[in-house]
Amino acid sequence: MMEFDPTRPKWQQIADVIRQRIVSGQYPARHLVSEVQMETEFGVARTTVRKATAALREEGLIVTTPGMGSFVRDRSTDGGQGDG
């Protein structure tokens, strides 16, 4: 289980970890980012995990499909959106 920095919200720290996994390629395009797995891995409540996934979704790193889950966004097909 992750040791959290008490000076920052847990959801931000979880988002940082998932973001790094996406950027490094550990989580490739279309990889399922499972809330249940994050709950278990980080030992936090679903609400905390949902805040982290919402932040990643706002950054454009993941996309969420109702009933299916959250997946790493395939940046090769985004047509340059989000680049400013």
# chains A, B, ... in the order shown; residues from 1 in each chain; ligands from 1

call {"tool": "residues_around", "arguments": {"residues": "A:Val44", "least_positions_apart": "2", "cutoff": "12 Å", "atoms": "only C-alpha atoms", "output": "ChimeraX atom specification"}}
result
/A:1-4,9-11,13-14,35-42,46-52

call {"tool": "residues_around", "arguments": {"residues": "stretch 68-75 of chain A", "least_positions_apart": "6", "cutoff": "7 Å", "atoms": "only C-alpha atoms", "output": "NGL selection string"}}
result
:A and (28-34 or 61-62)

call {"tool": "select_by_dssp", "arguments": {"residues": "stretch 9-77 of chain A", "states": "helix (DSSP H, G or I)", "output": "ChimeraX atom specification"}}
result
/A:10-24,35-42,46-58,75-77

call {"tool": "select_by_dssp", "arguments": {"residues": "chain A", "states": "strand (DSSP E or B)", "output": "ChimeraX atom specification"}}
result
/A:32-33,62-65,69-72

call {"tool": "atom_distance", "arguments": {"atom1": "atom CA of A:Gln12", "atom2": "atom CA of A:Ser76"}}
result
26.3 Å

call {"tool": "atom_distance", "arguments": {"atom1": "atom CA of A:Thr65", "atom2": "atom CA of A:Arg19"}}
result
18.8 Å
